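J.: Handing over entry18.cif, mmCIF, C-alpha atoms.
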data_final
#
loop_
_atom_site.label_atom_id
_atom_site.label_comp_id
_atom_site.auth_asym_id
_atom_site.auth_seq_id
_atom_site.Cartn_x
_atom_site.Cartn_y
_atom_site.Cartn_z
CA MET A 1 234.40 93.46 63.86
CA LYS A 2 235.83 95.56 66.64
CA VAL A 3 235.37 99.31 66.42
CA SER A 4 237.48 101.52 68.64
CA GLU A 5 236.98 105.14 69.57
CA ASN A 6 240.00 105.98 67.44
CA ASP A 7 238.29 104.39 64.44
CA LEU A 8 235.32 106.69 64.93
CA GLN A 9 237.54 109.75 65.16
CA ALA A 10 239.45 108.75 62.05
CA PHE A 11 236.15 108.13 60.28
CA VAL A 12 235.06 111.66 61.14
CA ASP A 13 238.31 113.04 59.76
CA ASP A 14 238.14 110.91 56.66
CA LEU A 15 241.46 109.27 57.39
CA LEU A 16 240.45 105.63 56.91
CA ALA A 17 241.16 103.33 54.01
CA PRO A 18 238.01 102.71 51.94
CA GLU A 19 237.65 99.17 53.22
CA ARG A 20 237.80 100.14 56.86
CA ARG A 21 235.56 103.07 56.18
CA ALA A 22 232.87 100.75 54.83
CA GLU A 23 233.14 98.60 57.95
CA ILE A 24 232.66 101.61 60.20
CA GLU A 25 229.68 102.73 58.15
CA ALA A 26 228.13 99.34 58.66
CA HIS A 27 228.78 99.61 62.38
CA LEU A 28 227.21 103.04 62.57
CA ALA A 29 224.10 101.77 60.83
CA ARG A 30 223.59 99.48 63.82
CA ASP A 31 224.66 101.83 66.60
CA ALA A 32 222.45 104.90 66.70
CA ASP A 33 224.33 106.54 69.59
CA ALA A 34 227.66 106.26 67.85
CA ALA A 35 226.09 107.50 64.63
CA ASP A 36 224.73 110.56 66.44
CA ARG A 37 228.10 111.31 67.89
CA VAL A 38 229.92 110.90 64.61
CA ALA A 39 227.39 113.14 62.89
CA ALA A 40 227.88 115.80 65.55
CA TYR A 41 231.66 115.63 65.15
CA GLN A 42 231.39 115.91 61.38
CA ASP A 43 229.15 118.87 61.87
CA GLN A 44 231.81 120.46 64.12
CA ASN A 45 234.44 119.98 61.44
CA ALA A 46 232.18 121.54 58.85
CA GLN A 47 231.42 124.50 61.09
CA LEU A 48 235.06 125.07 61.98
CA ARG A 49 236.04 125.04 58.33
CA ALA A 50 233.16 127.29 57.36
CA HIS A 51 234.15 129.67 60.10
CA PHE A 52 237.89 129.86 59.62
CA ASN A 53 238.58 128.94 56.00
CA PRO A 54 237.78 132.48 54.81
CA VAL A 55 241.01 133.53 56.54
CA LEU A 56 242.88 131.66 53.80
CA ASP A 57 241.56 134.10 51.20
CA GLU A 58 242.35 137.26 53.11
CA PRO A 59 245.24 139.32 51.79
CA ILE A 60 248.35 138.69 53.89
CA PRO A 61 249.26 141.77 55.95
CA GLN A 62 252.45 143.34 54.75
CA ARG A 63 254.11 143.03 58.13
CA LEU A 64 254.11 139.25 57.67
CA THR A 65 255.60 139.23 54.20
CA MET A 66 258.19 141.91 54.88
CA LEU A 67 260.10 140.05 57.57
CA ALA A 68 263.76 140.20 56.75
CA PRO A 69 266.06 137.24 57.31
CA ARG A 70 268.20 137.84 60.34
CA ARG A 71 270.65 135.06 59.97
CA GLY A 72 272.90 133.86 57.24
CA PHE A 73 274.12 135.79 54.30
CA ALA A 74 271.60 138.60 54.31
CA ARG A 75 272.42 139.44 57.89
CA PHE A 76 276.09 139.34 57.16
CA ALA A 77 275.63 141.54 54.12
CA VAL A 78 273.64 144.07 56.09
CA ALA A 79 276.21 144.06 58.88
CA ALA A 80 279.03 144.46 56.39
CA SER A 81 277.39 147.37 54.63
CA TRP A 82 276.77 149.07 57.97
CA LEU A 83 280.38 148.55 58.84
CA VAL A 84 281.52 150.25 55.65
CA PHE A 85 278.99 152.99 56.21
CA GLY A 86 280.09 153.35 59.83
CA VAL A 87 283.73 153.68 58.84
CA ALA A 88 282.80 156.35 56.30
CA ILE A 89 280.69 158.23 58.84
CA GLY A 90 283.48 158.04 61.41
CA TRP A 91 285.89 159.48 58.91
CA ILE A 92 283.54 162.30 57.96
CA ALA A 93 282.72 162.94 61.60
CA ASN A 94 286.35 163.81 62.23
CA PHE A 95 285.73 166.91 60.20
CA LEU A 96 282.69 167.90 62.11
CA VAL A 97 282.52 169.30 65.57
CA ALA A 98 280.07 166.92 67.13
CA ASP A 99 279.31 168.97 70.21
CA GLU A 100 275.62 169.03 69.57
CA PRO A 101 274.36 165.45 69.41
CA MET A 102 273.48 165.08 65.77
CA ARG A 103 271.00 162.34 66.20
CA ALA A 104 268.91 164.21 68.72
CA VAL A 105 268.66 167.19 66.40
CA THR A 106 267.60 164.90 63.59
CA LEU A 107 265.01 163.49 65.96
CA ALA A 108 263.49 166.93 66.55
CA ARG A 109 263.47 167.71 62.85
CA SER A 110 261.92 164.39 61.83
CA ALA A 111 259.32 164.74 64.57
CA ALA A 112 258.40 168.24 63.41
CA ILE A 113 258.04 167.07 59.82
CA ALA A 114 255.86 164.14 60.86
CA HIS A 115 253.79 166.52 62.97
CA ALA A 116 253.35 168.92 60.07
CA VAL A 117 252.30 166.10 57.77
CA TYR A 118 249.84 164.26 59.98
CA SER A 119 248.40 166.70 62.50
CA PRO A 120 246.24 168.59 59.93
CA GLU A 121 244.81 165.30 58.68
CA VAL A 122 241.05 165.35 59.19
CA ARG A 123 239.88 161.94 58.10
CA HIS A 124 242.90 159.77 58.83
CA PRO A 125 244.96 161.40 61.56
CA VAL A 126 245.99 158.01 62.94
CA GLU A 127 246.21 154.44 61.76
CA VAL A 128 244.87 152.90 64.95
CA GLY A 129 242.51 154.85 67.16
CA ALA A 130 242.65 155.22 70.91
CA ASP A 131 239.49 153.11 71.08
CA GLN A 132 241.81 150.19 70.38
CA HIS A 133 244.30 151.30 72.98
CA GLU A 134 245.70 147.88 73.85
CA HIS A 135 246.22 146.88 70.26
CA LEU A 136 247.78 150.24 69.46
CA VAL A 137 250.31 149.98 72.26
CA ARG A 138 251.09 146.35 71.64
CA TRP A 139 251.50 146.84 67.93
CA LEU A 140 253.79 149.88 68.11
CA SER A 141 255.78 148.37 70.99
CA LYS A 142 256.33 145.29 68.93
CA ARG A 143 257.44 147.20 65.88
CA LEU A 144 259.85 149.37 67.84
CA GLY A 145 261.04 146.44 69.91
CA ALA A 146 260.50 148.39 73.14
CA LYS A 147 257.69 148.68 75.59
CA LEU A 148 255.89 151.93 74.83
CA ARG A 149 253.44 153.70 77.10
CA PRO A 150 251.64 156.66 75.60
CA PRO A 151 251.37 159.15 78.47
CA LEU A 152 248.02 160.21 79.85
CA LEU A 153 247.59 163.93 79.22
CA THR A 154 244.04 164.40 80.39
CA ASP A 155 245.20 166.72 83.18
CA SER A 156 246.82 168.94 80.56
CA GLY A 157 243.60 168.94 78.54
CA TYR A 158 244.65 166.52 75.83
CA GLU A 159 243.18 163.14 74.94
CA LEU A 160 244.91 160.43 72.96
CA VAL A 161 243.55 160.19 69.41
CA GLY A 162 245.62 157.18 68.43
CA GLY A 163 248.87 156.41 66.72
CA ARG A 164 250.66 155.40 63.60
CA LEU A 165 253.81 153.71 62.45
CA LEU A 166 256.34 155.72 60.45
CA PRO A 167 259.62 154.93 58.77
CA GLY A 168 262.64 156.48 60.43
CA ASP A 169 266.33 156.29 59.71
CA ARG A 170 266.72 153.65 62.42
CA GLY A 171 263.68 151.61 61.44
CA ALA A 172 260.17 151.88 62.77
CA VAL A 173 259.04 155.03 64.52
CA ALA A 174 255.84 155.52 66.49
CA GLN A 175 253.75 158.64 66.46
CA PHE A 176 251.04 159.17 69.06
CA MET A 177 248.57 161.95 68.48
CA TYR A 178 246.70 163.96 71.11
CA GLU A 179 243.94 166.51 70.77
CA ASP A 180 242.35 169.07 73.05
CA PRO A 181 238.67 170.09 73.02
CA LYS A 182 239.49 172.96 70.63
CA GLY A 183 240.96 170.50 68.15
CA ARG A 184 244.58 171.52 68.75
CA ARG A 185 246.87 168.61 68.23
CA LEU A 186 250.14 167.44 69.71
CA THR A 187 252.21 164.53 68.49
CA LEU A 188 254.64 162.45 70.44
CA TYR A 189 257.29 160.93 68.20
CA VAL A 190 259.16 157.92 69.58
CA SER A 191 262.21 156.56 67.82
CA ARG A 192 264.94 154.10 68.63
CA MET A 193 268.26 155.79 69.23
CA ASN A 194 271.85 154.80 69.16
CA VAL A 195 272.38 153.68 72.74
CA SER A 196 276.07 154.51 72.78
CA GLN A 197 275.19 158.12 72.23
CA GLY A 198 273.93 158.42 75.77
CA ASP A 199 270.98 160.31 77.18
CA THR A 200 270.09 163.80 76.13
CA ALA A 201 268.47 166.22 78.51
CA PHE A 202 265.18 167.93 77.84
CA ARG A 203 265.74 170.31 74.93
CA PHE A 204 263.73 172.67 72.84
CA SER A 205 263.83 173.33 69.14
CA ARG A 206 261.70 175.29 66.74
CA GLU A 207 261.38 173.79 63.28
CA ASN A 208 259.44 175.74 60.66
CA GLY A 209 256.90 177.04 63.09
CA VAL A 210 256.56 173.78 65.00
CA SER A 211 257.68 173.76 68.62
CA VAL A 212 259.44 170.58 69.65
CA PHE A 213 260.60 169.41 73.05
CA TYR A 214 262.81 166.38 72.79
CA TRP A 215 265.03 164.14 74.85
CA VAL A 216 266.77 160.79 74.66
CA ASP A 217 266.30 158.19 77.35
CA GLY A 218 268.41 155.08 76.85
CA ALA A 219 267.42 153.37 73.64
CA LEU A 220 264.48 155.64 72.91
CA GLY A 221 264.25 159.22 71.75
CA TYR A 222 261.09 161.23 72.37
CA ALA A 223 259.90 164.41 70.71
CA LEU A 224 256.69 166.26 71.53
CA SER A 225 255.59 168.63 68.77
CA GLY A 226 252.86 171.23 68.55
CA ASN A 227 251.97 174.27 66.47
CA MET A 228 252.09 176.64 69.41
CA PRO A 229 254.48 178.93 71.24
CA LYS A 230 257.15 177.34 73.39
CA GLN A 231 255.49 178.45 76.64
CA ASP A 232 252.20 176.77 75.73
CA LEU A 233 253.88 173.48 74.92
CA LEU A 234 256.19 173.49 77.91
CA GLY A 235 253.55 172.47 80.46
CA VAL A 236 252.43 169.42 78.48
CA ALA A 237 255.99 168.52 77.56
CA THR A 238 256.93 168.55 81.22
CA ALA A 239 253.99 166.28 82.02
CA VAL A 240 255.03 163.88 79.25
CA TYR A 241 258.64 163.92 80.38
CA LYS A 242 257.69 163.23 84.00
CA GLN A 243 255.45 160.32 83.06
CA LEU A 244 258.04 158.73 80.80
CA ASN A 245 260.98 159.40 83.11
CA PRO A 246 259.49 158.92 86.55
CA MET B 1 266.02 130.61 53.85
CA ASP B 2 263.98 133.41 52.53
CA GLN B 3 260.55 134.81 52.75
CA VAL B 4 259.58 133.09 49.51
CA THR B 5 259.97 129.72 51.20
CA LEU B 6 257.65 130.66 54.04
CA THR B 7 255.09 132.76 52.23
CA PRO B 8 253.01 129.86 50.88
CA HIS B 9 252.48 128.69 54.46
CA ILE B 10 251.32 132.02 55.84
CA PRO B 11 247.59 131.67 55.02
CA ARG B 12 247.32 128.37 56.89
CA LEU B 13 249.31 129.68 59.83
CA ARG B 14 247.01 132.68 59.97
CA ARG B 15 243.90 130.53 59.84
CA TYR B 16 245.10 128.39 62.71
CA ALA B 17 246.24 131.38 64.75
CA ARG B 18 242.91 133.11 64.23
CA ALA B 19 241.06 130.07 65.48
CA LEU B 20 243.44 129.69 68.39
CA VAL B 21 243.43 133.23 69.78
CA ARG B 22 240.34 134.85 68.23
CA ASP B 23 241.54 138.44 68.20
CA ARG B 24 242.82 139.03 64.68
CA TYR B 25 245.65 141.33 65.67
CA ALA B 26 246.85 139.01 68.41
CA ALA B 27 246.59 136.17 65.89
CA ASP B 28 248.76 137.97 63.37
CA ASP B 29 251.20 138.83 66.15
CA LEU B 30 251.45 135.12 66.82
CA VAL B 31 252.07 134.43 63.13
CA GLN B 32 254.72 137.14 63.02
CA ASP B 33 256.49 135.76 66.08
CA THR B 34 256.34 132.30 64.55
CA LEU B 35 257.82 133.45 61.25
CA GLU B 36 260.55 135.44 62.96
CA ARG B 37 261.47 132.46 65.05
CA ALA B 38 261.40 130.17 62.02
CA ILE B 39 263.72 132.51 60.16
CA ASN B 40 266.11 132.68 63.08
CA LYS B 41 266.00 128.95 63.79
CA PHE B 42 266.01 127.84 60.21
CA HIS B 43 269.31 126.04 60.63
CA LEU B 44 267.43 123.66 62.95
CA TRP B 45 265.02 122.59 60.25
CA ARG B 46 265.93 119.26 58.70
CA PRO B 47 265.85 119.58 54.92
CA GLY B 48 263.43 117.10 53.46
CA SER B 49 261.17 117.11 56.49
CA ASP B 50 257.80 118.76 56.27
CA LEU B 51 258.24 122.51 56.59
CA ARG B 52 254.54 123.01 57.28
CA ALA B 53 254.54 120.66 60.28
CA TRP B 54 257.72 122.31 61.55
CA LEU B 55 256.08 125.75 61.36
CA PHE B 56 253.05 124.55 63.29
CA ALA B 57 255.36 123.09 65.93
CA ILE B 58 257.05 126.48 66.26
CA MET B 59 253.72 128.24 66.49
CA HIS B 60 252.70 125.85 69.24
CA ASN B 61 255.86 126.61 71.22
CA VAL B 62 255.57 130.35 70.74
CA HIS B 63 251.94 130.30 71.79
CA VAL B 64 252.54 128.15 74.85
CA ASN B 65 255.38 130.42 75.94
CA GLN B 66 253.22 133.49 75.50
CA VAL B 67 250.41 131.96 77.49
CA ARG B 68 252.81 130.95 80.24
CA SER B 69 254.55 134.29 80.47
CA ARG B 70 251.25 136.14 80.51
CA ALA B 71 249.91 133.86 83.19
CA ALA B 72 253.07 134.47 85.22
CA ARG B 73 252.77 138.23 84.83
CA PRO B 74 249.08 138.96 84.99
CA GLU B 75 249.63 142.71 84.89
CA ALA B 76 251.29 142.33 81.53
CA SER B 77 248.46 140.40 79.97
CA LEU B 78 246.77 142.39 77.28
CA ASP B 79 244.07 140.15 76.01
CA ASP B 80 243.99 137.05 78.06
CA GLY B 81 240.30 136.57 77.67
CA ASP B 82 241.21 133.80 75.32
CA LEU B 83 243.99 132.29 77.33
CA LEU B 84 242.19 130.46 80.05
CA PRO B 85 239.27 128.21 79.47
CA GLN B 86 236.22 129.78 80.94
CA PRO B 87 234.02 127.58 83.06
CA VAL B 88 230.83 126.78 81.28
CA THR B 89 227.78 127.73 83.27
CA ASP B 90 224.15 127.37 82.28
CA THR B 91 224.00 131.02 81.36
CA ASP B 92 227.08 130.66 79.22
CA ARG B 93 225.53 127.78 77.44
CA LEU B 94 222.75 130.04 76.29
CA GLU B 95 225.31 132.56 75.12
CA ILE B 96 227.23 130.15 72.99
CA ARG B 97 225.81 130.96 69.64
CA ASP B 98 228.52 129.86 67.37
CA MET B 99 231.51 127.69 66.99
CA GLN B 100 233.95 130.49 67.63
CA SER B 101 232.72 131.15 71.12
CA ALA B 102 232.42 127.45 71.81
CA ILE B 103 235.98 126.73 70.72
CA ALA B 104 237.28 129.49 72.98
CA THR B 105 235.95 127.72 76.05
CA LEU B 106 238.10 124.66 75.42
CA PRO B 107 241.31 124.28 77.38
CA ILE B 108 244.22 125.25 75.18
CA GLU B 109 245.63 121.75 74.84
CA GLN B 110 242.31 120.48 73.52
CA ARG B 111 241.76 123.52 71.35
CA GLU B 112 245.11 123.05 69.64
CA VAL B 113 244.45 119.42 68.79
CA ILE B 114 240.94 119.82 67.46
CA LEU B 115 241.87 122.85 65.36
CA LEU B 116 244.96 121.27 63.85
CA ILE B 117 242.90 118.25 62.87
CA ALA B 118 239.51 119.71 61.98
CA LEU B 119 241.02 122.42 59.81
CA LYS B 120 242.96 119.70 58.01
CA GLN B 121 246.23 121.25 58.98
CA LEU B 122 248.01 118.11 60.10
CA SER B 123 247.53 114.37 60.42
CA TYR B 124 247.25 112.67 63.82
CA ALA B 125 250.89 111.61 63.67
CA GLU B 126 252.02 115.11 62.69
CA VAL B 127 250.02 116.63 65.54
CA SER B 128 251.69 114.20 67.93
CA LYS B 129 255.09 115.32 66.69
CA ALA B 130 254.33 119.02 66.49
CA LEU B 131 252.90 119.19 69.99
CA GLY B 132 255.39 116.73 71.41
CA ILE B 133 252.75 114.44 72.88
CA PRO B 134 252.08 110.72 72.32
CA MET B 135 249.49 109.61 69.80
CA GLY B 136 247.27 108.30 72.59
CA THR B 137 247.19 111.78 74.12
CA VAL B 138 246.34 113.32 70.75
CA MET B 139 243.40 110.96 70.40
CA SER B 140 242.12 111.45 73.92
CA ARG B 141 242.36 115.25 73.65
CA LEU B 142 240.58 115.13 70.33
CA PHE B 143 237.83 112.99 71.82
CA ARG B 144 237.43 115.23 74.87
CA ALA B 145 237.40 118.38 72.77
CA ARG B 146 234.71 116.99 70.50
CA GLU B 147 232.58 115.79 73.37
CA ARG B 148 232.86 119.12 75.08
CA LEU B 149 231.88 121.00 71.96
CA ARG B 150 229.02 118.61 71.39
CA ALA B 151 227.70 119.23 74.88
CA GLN B 152 227.97 122.98 74.42
CA LEU B 153 226.50 123.15 70.99
CA ALA B 154 223.65 120.79 71.76
CA GLY B 155 220.46 122.64 71.06
CA VAL B 156 222.25 125.07 68.82
CA THR B 157 223.16 122.68 66.07
CA SER B 158 219.73 121.15 66.03
CA GLN B 159 218.37 124.53 65.00
CA SER B 160 221.12 125.27 62.56
CA ASN B 161 220.86 124.85 58.85
CA LEU B 162 223.49 122.18 58.83
CA LYS B 163 221.76 118.88 58.53
CA LEU B 164 222.99 115.99 60.54
CA VAL B 165 224.25 113.25 58.32
CA ARG B 166 223.12 109.85 59.31
#
Would you kindly transcribe this structure into structure tokens?

T.:
Amino acid sequence: MKVSENDLQAFVDDLLAPERRAEIEAHLARDADAADRVAAYQDQNAQLRAHFNPVLDEPIPQRLTMLAPRRGFARFAVAASWLVFGVAIGWIANFLVADEPMRAVTLARSAAIAHAVYSPEVRHPVEVGADQHEHLVRWLSKRLGAKLRPPLLTDSGYELVGGRLLPGDRGAVAQFMYEDPKGRRLTLYVSRMNVSQGDTAFRFSRENGVSVFYWVDGALGYALSGNMPKQDLLGVATAVYKQLNP
Amino acid sequence: MDQVTLTPHIPRLRRYARALVRDRYAADDLVQDTLERAINKFHLWRPGSDLRAWLFAIMHNVHVNQVRSRAARPEASLDDGDLLPQPVTDTDRLEIRDMQSAIATLPIEQREVILLIALKQLSYAEVSKALGIPMGTVMSRLFRARERLRAQLAGVTSQSNLKLVR
């Protein structure tokens, strides 16, 4: 009986027919070295399964089950509904004087609301902390489909606390939170924008007591919010703007 | 093609990805990229063929591309501790306490093969197809991976609770 290395591997993986399996067993009974090796390989399989099989029982993260089809009917349907919606908006827009870029104003308002909701949060201000900086940036970049870089505001006295993902009217929105030693918080809201709208210069808005500096740069809109007077926020906002628009 | 079709395969894809790249977030990123690609390329799937094997083939391609692009742009690499096999030194050998660290020291091509087989994901023939390599290469990579793990885990397994089966 000839026993090949492949036979031994297949024996380890339990892929042999019973007859062949018995022959290999007989061979192993005579060859102590081969038997040692096979035992070690079986042990590896057992350890690998013991180590990684628990993943099978973990709940599946929502981001993996919520992927929408991008091709075929669903995509067509989505495109068609946007088309109808777009036509309607275009028609309505004729009646509006669109001097002020609507979207950018919405950006400031949404950012201020998100700031008001999350900045007072004591226990869960962010979803992913700054201690997991790389994961935070990679995750939010991936969800927004753009490379994000939370600015470094140490010179302005603020440290990154972390970030979270929020729903926006154009899909995923990222919110980065910063804090100074006194516990004052700033949030930087980053949203995808309609590219055709064009860039928007550095603007200021005050929304229900929240100061917001905002601007649009290509596909991304940024809004820095804080519960403080305009003058206090201006310095940090300038630092953020300079870092993001070098 | 809908999510319902793919959902039953997600746990196994996640298990493999976790073993392949260690970091759980990076692993789920890999699964997400794989699923997105599968959804977009679904017209390329031949009905009647094994969807599971097809998904693992996609994951392999996505992973290889990621490894390549990160290697080409080192400044963009975020977590490449698991991308390159680390040379095993005597000190490392002492550090290797468990299978997870041991598996991470394998070259990627060996790691893929042993994980796909040991975790009972695919048969030898399916691995050959999914990775696009001949059967002989599958077998030799499997052999080399197992020998390398055996060398690394020697001394650890003998103290473990797992009894060697004679």

J.: Out of A:Val161, A:Leu166, A:Leu144, A:Ala108, which residue has the shortest atom-to-atom distance to His124 (chain A) when counting all atoms listed in the file?

T.: A:Val161

J.: Quick one: apply the PyMOL selection byres ((chain A) within 9 of (chain B)) to the file and drop the selected residues here as a count of residues only.

T.: 50

J.: Need to verify the contact set: region 240-245 of chain A, 10 Å, only C-alpha atoms, exclusion of same-chain residues closer than 2 positions in sequence. Can you return it as a count of residues only?

T.: 21

J.: Quick one: distance from CA of Ser205 (chain A) to CA of Asp232 (chain A) in Å, one decimal?

T.: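 Taking CA of Ser205 (chain A) and CA of Asp232 (chain A), their separation equals 13.8 Å.
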
J.: From the set B:Leu30, B:Val113, B:Ala104, B:Ala71, which residue has the shortest atom-to-atom contact distance to Ile58 (chain B), counting all atoms listed in the file?

T.: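 Looking at the shortest contact to Ile58 (chain B), the residue is B:Leu30.
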
J.: So that I can check the surroundings of Met177 (chain A), please list as a list in words every protein, DNA and RNA residue that reaches within 10 Å of it, counting only C-alpha atoms and ignoring chain neighbours fewer than 5 positions away.

T.: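 Residues meeting the cut-off are His115, Tyr118, Ser119, Pro125, Val126, Gly129, Ala130, Pro150, Tyr158, Glu159, Leu160, Val161, Gly162, Gly163, Arg164, Arg185, Leu186, Thr187, Leu188, Tyr189, Leu224 and Ser225 of chain A.
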
J.: Just to confirm, what's the straight-line distance from CA of Pro167 (chain A) to CA of Leu136 (chain A) in Å (one decimal)?

T.: 16.6 Å

J.: Grab all the atoms of region 5-21 of chain B that the file lists, wrap them in a box along x, y and z, add 5 Å per side, and give me centre plus edge lengths in Å (one decimal) as JSON.

T.:
{"center_x": 250.5, "center_y": 130.8, "center_z": 60.3, "size_x": 28.9, "size_y": 14.9, "size_z": 28.9}

J.: For the atom pair CA of Arg46 (chain B) and CA of His9 (chain B), what is the interatomic distance in Å to one decimal place?

T.: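 One can read the CA of Arg46 (chain B) to CA of His9 (chain B) distance as 17.0 Å.
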
J.: Here's the selection I'm unsure about, the PyMOL selection byres ((chain B and resi 53) around 10); applied to the file above, which residues does it give, as a list in words?

T.: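 Applied to this file, the PyMOL selection byres ((chain B and resi 53) around 10) returns Ser49, Asp50, Leu51, Arg52, Trp54, Leu55, Phe56, Ala57, Ile58, Met59, Gln121, Leu122, Ser123, Glu126, Val127, Lys129, Ala130 and Leu131 of chain B.
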
J.: Can you give me, as an MDAnalysis selection string, the residues this file yields under the PyMOL selection byres ((chain A and resi 106) around 12)?

T.: chainID A and resid 100:105 107:113 168:170 189 191 193 205 207 212 214:216 221:223

J.: Would you mind completing region 137-156 of chain B so that it carries N, CA and C atoms, and writing it out as an mmCIF file, in the coordinates of the input?

T.:
data_model
loop_
_atom_site.group_PDB
_atom_site.id
_atom_site.type_symbol
_atom_site.label_atom_id
_atom_site.label_comp_id
_atom_site.auth_asym_id
_atom_site.auth_seq_id
_atom_site.Cartn_x
_atom_site.Cartn_y
_atom_site.Cartn_z
ATOM 1 N N THR B 137 247.616 110.499 73.534
ATOM 2 C CA THR B 137 247.190 111.780 74.120
ATOM 3 C C THR B 137 246.481 112.632 73.067
ATOM 4 N N VAL B 138 246.999 112.586 71.832
ATOM 5 C CA VAL B 138 246.340 113.320 70.750
ATOM 6 C C VAL B 138 244.895 112.850 70.640
ATOM 7 N N MET B 139 244.730 111.520 70.607
ATOM 8 C CA MET B 139 243.400 110.960 70.400
ATOM 9 C C MET B 139 242.474 111.271 71.569
ATOM 10 N N SER B 140 243.007 111.203 72.784
ATOM 11 C CA SER B 140 242.120 111.450 73.920
ATOM 12 C C SER B 140 241.753 112.938 74.005
ATOM 13 N N ARG B 141 242.698 113.813 73.654
ATOM 14 C CA ARG B 141 242.360 115.250 73.650
ATOM 15 C C ARG B 141 241.334 115.565 72.572
ATOM 16 N N LEU B 142 241.516 114.915 71.430
ATOM 17 C CA LEU B 142 240.580 115.130 70.330
ATOM 18 C C LEU B 142 239.177 114.690 70.754
ATOM 19 N N PHE B 143 239.113 113.525 71.362
ATOM 20 C CA PHE B 143 237.830 112.990 71.820
ATOM 21 C C PHE B 143 237.189 113.928 72.843
ATOM 22 N N ARG B 144 238.000 114.364 73.824
ATOM 23 C CA ARG B 144 237.430 115.230 74.870
ATOM 24 C C ARG B 144 236.986 116.576 74.306
ATOM 25 N N ALA B 145 237.773 117.103 73.384
ATOM 26 C CA ALA B 145 237.400 118.380 72.770
ATOM 27 C C ALA B 145 236.071 118.245 72.032
ATOM 28 N N ARG B 146 235.938 117.164 71.292
ATOM 29 C CA ARG B 146 234.710 116.990 70.500
ATOM 30 C C ARG B 146 233.500 116.763 71.394
ATOM 31 N N GLU B 147 233.699 116.019 72.449
ATOM 32 C CA GLU B 147 232.580 115.790 73.370
ATOM 33 C C GLU B 147 232.166 117.080 74.057
ATOM 34 N N ARG B 148 233.163 117.868 74.408
ATOM 35 C CA ARG B 148 232.860 119.120 75.080
ATOM 36 C C ARG B 148 232.119 120.083 74.155
ATOM 37 N N LEU B 149 232.571 120.140 72.921
ATOM 38 C CA LEU B 149 231.880 121.000 71.960
ATOM 39 C C LEU B 149 230.460 120.493 71.713
ATOM 40 N N ARG B 150 230.330 119.190 71.660
ATOM 41 C CA ARG B 150 229.020 118.610 71.390
ATOM 42 C C ARG B 150 228.048 118.980 72.509
ATOM 43 N N ALA B 151 228.553 118.894 73.734
ATOM 44 C CA ALA B 151 227.700 119.230 74.880
ATOM 45 C C ALA B 151 227.304 120.708 74.818
ATOM 46 N N GLN B 152 228.255 121.541 74.440
ATOM 47 C CA GLN B 152 227.970 122.980 74.420
ATOM 48 C C GLN B 152 227.071 123.384 73.281
ATOM 49 N N LEU B 153 227.263 122.726 72.165
ATOM 50 C CA LEU B 153 226.500 123.150 70.990
ATOM 51 C C LEU B 153 225.164 122.427 70.897
ATOM 52 N N ALA B 154 224.926 121.505 71.792
ATOM 53 C CA ALA B 154 223.650 120.790 71.760
ATOM 54 C C ALA B 154 222.537 121.809 71.877
ATOM 55 N N GLY B 155 221.544 121.670 71.020
ATOM 56 C CA GLY B 155 220.460 122.640 71.060
ATOM 57 C C GLY B 155 220.686 123.766 70.090
ATOM 58 N N VAL B 156 221.972 124.034 69.817
ATOM 59 C CA VAL B 156 222.250 125.070 68.820
ATOM 60 C C VAL B 156 222.305 124.432 67.442
#
